[in-house]
Amino acid sequence: MNHELFSDDTPLPIGDGALLLRGFALGVDDALLEAVDAVSAEAPARRLCTPGGHRMSVETTSCGRWGWVSDAAGYRYAECDPVSGRAWPAMPEPLRRIAVAAAARAGHAHFDPDTCLINRYAPGARMGLHQDRNEHDFSQPIVSVSLGLPIVFQFGGLQRSDRPQRVPLAHGDVLVWGGPTRLAFHGVLTLKAGIHPLTGASRINLTFRRAR
DNA sequence: CAGTAACG
DNA sequence: GGGC
């Protein structure tokens with residue numbers, strides 16, 4: 001029996017222009033987590049507030065030219081970390097490489113991310129349905145890397161009222177969406193408690209985008 | 001509404 | 001768990 005025939009890396013379509021690359025980051029997971037630790041040492045993750053005044057349940061930091069921030073003034077990209085007043089840490093090469101490779105695998109040959117949002121989920125943390133729409137160029141896709149504990153991703157449509165499909169995500173999975181679904185509503189359900197050998201009691205999500 | 005609460 |  002040739003198992004090569006059955007262990008293919010064919011991207012799984014989850015929508016029009018939206019693909020799940022199962023285990024795509026598995027070979028470089030250690031390097032990614034090491035990079036996340038380095039970024040977090042320079043720009044510690046913190047819980048942001050939404051414009052509506054609610055504290056988000058995830059802990060957020062960023063690297064790259066731009067960092068995603070949210071406060072009473074709204075959602076936006078900032079060149080400096082508002083906590084330190086300094087520029088965000090540079091995007092570590094292992095992070096950039098996996099994002100560019102995943103985008104290419106999904107058919108986006110010229111993805112050039114200038115920001116990586118790092119979200120840490122502890123048990124009980126979640127992310128409600130939302131659109132990534134603070135970027136300037138919607139022709140560039142979104143690349144999302146899952147590390148650590150599994151979670152259920154929700155991928156909806158272009159309207160909040162569209163019922164999202166549920167996609168279980170595991171350590172090493174990578175999602176790429178763009179084109180017709182670039183503005184699709186998405187989120188994740190509440191993280192359940194567990195222990196992952198590499199991340200312990202948490203899940204880490206890396207979201208790569210071209211902000212400008 | 002990148003949110004919570006209340007309610008079926 | 002899903003919609004407002």
# chains A, B, ... in the order shown; residues from 1 in each chain; ligands from 1
>>> interface_residues(of="chain B", to="chain A", cutoff="12 Å", atoms="only C-alpha atoms (C1' of nucleotides)", output="list in words")
DC1, DA2, DG3 and DT4 of chain B
>>> closest_atom_pairs(of="chain A", to="chain C", cutoff="12 Å", atoms="only C-alpha atoms (C1' of nucleotides)", output="tab-separated table")
residue	atom	partner	partner_atom	distance
A:Leu129	CA	C:DG2	C1'	11.9
A:Arg160	CA	C:DG3	C1'	9.8
A:Ser161	CA	C:DG3	C1'	7.8
A:Asp162	CA	C:DG3	C1'	10.5
A:Arg163	CA	C:DG2	C1'	8.9
A:Pro164	CA	C:DG2	C1'	10.4
A:Leu189	CA	C:DG1	C1'	10.6
A:Thr190	CA	C:DG1	C1'	11.9
>>> write_last_selection(atoms="N, CA, C and O atoms", output="PDB file, in the first residue's frame")
ATOM      1  N   LEU A 129     -17.614  37.006  15.415  1.00  0.00           N
ATOM      2  CA  LEU A 129     -17.613  37.204  13.967  1.00  0.00           C
ATOM      3  C   LEU A 129     -17.245  38.648  13.638  1.00  0.00           C
ATOM      4  O   LEU A 129     -17.780  39.582  14.218  1.00  0.00           O
ATOM      5  N   ARG A 160     -23.075  39.685   7.939  1.00  0.00           N
ATOM      6  CA  ARG A 160     -23.043  39.122   9.286  1.00  0.00           C
ATOM      7  C   ARG A 160     -24.121  38.069   9.495  1.00  0.00           C
ATOM      8  O   ARG A 160     -23.955  37.108  10.247  1.00  0.00           O
ATOM      9  N   SER A 161     -25.238  38.259   8.806  1.00  0.00           N
ATOM     10  CA  SER A 161     -26.365  37.350   9.001  1.00  0.00           C
ATOM     11  C   SER A 161     -26.183  36.007   8.298  1.00  0.00           C
ATOM     12  O   SER A 161     -26.952  35.079   8.542  1.00  0.00           O
ATOM     13  N   ASP A 162     -25.167  35.880   7.425  1.00  0.00           N
ATOM     14  CA  ASP A 162     -24.925  34.586   6.768  1.00  0.00           C
ATOM     15  C   ASP A 162     -24.450  33.564   7.797  1.00  0.00           C
ATOM     16  O   ASP A 162     -23.511  33.831   8.548  1.00  0.00           O
ATOM     17  N   ARG A 163     -25.070  32.409   7.795  1.00  0.00           N
ATOM     18  CA  ARG A 163     -24.680  31.402   8.778  1.00  0.00           C
ATOM     19  C   ARG A 163     -23.277  30.867   8.486  1.00  0.00           C
ATOM     20  O   ARG A 163     -22.997  30.332   7.418  1.00  0.00           O
ATOM     21  N   PRO A 164     -22.371  30.996   9.487  1.00  0.00           N
ATOM     22  CA  PRO A 164     -20.996  30.541   9.263  1.00  0.00           C
ATOM     23  C   PRO A 164     -20.898  29.014   9.245  1.00  0.00           C
ATOM     24  O   PRO A 164     -21.681  28.336   9.898  1.00  0.00           O
ATOM     25  N   LEU A 189     -14.885  29.945  17.998  1.00  0.00           N
ATOM     26  CA  LEU A 189     -15.660  29.638  19.194  1.00  0.00           C
ATOM     27  C   LEU A 189     -14.733  29.676  20.422  1.00  0.00           C
ATOM     28  O   LEU A 189     -13.515  29.783  20.293  1.00  0.00           O
ATOM     29  N   THR A 190     -15.330  29.564  21.576  1.00  0.00           N
ATOM     30  CA  THR A 190     -14.571  29.610  22.831  1.00  0.00           C
ATOM     31  C   THR A 190     -13.542  28.481  22.916  1.00  0.00           C
ATOM     32  O   THR A 190     -13.855  27.323  22.620  1.00  0.00           O
TER      33      THR A 190
END
>>> select_by_dssp(residues="stretch 31-182 of chain A", states="helix (DSSP H, G or I)", output="list in words")
Ala31, Leu32, Leu33, Glu34, Ala35, Val36, Asp37, Ala38, Val39, Ser40, Ala41, Glu42, Glu93, Pro94, Leu95, Arg96, Arg97, Ile98, Ala99, Val100, Ala101, Ala102, Ala103, Ala104, Arg105, Gly179, Pro180 and Thr181 of chain A
>>> closest_residue(among="A:Gly27, A:Pro150, A:Gly17, A:Pro89", to="A:Thr181", atoms="only C-alpha atoms")
A:Gly17
>>> select_by_dssp(residues="stretch 132-172 of chain A", states="strand (DSSP E)", output="list in words")
Ile142, Val143, Ser144, Val145, Ser146, Leu147, Gly148, Ile151, Val152, Phe153, Gln154, Phe155, Gln165, Arg166, Val167, Pro168 and Leu169 of chain A
>>> atom_distance(atom1="atom CA of A:Asn134", atom2="atom CA of A:Thr60")
16.5 Å
>>> atom_distance(atom1="atom CA of A:Leu12", atom2="atom CA of A:Asp30")
24.3 Å
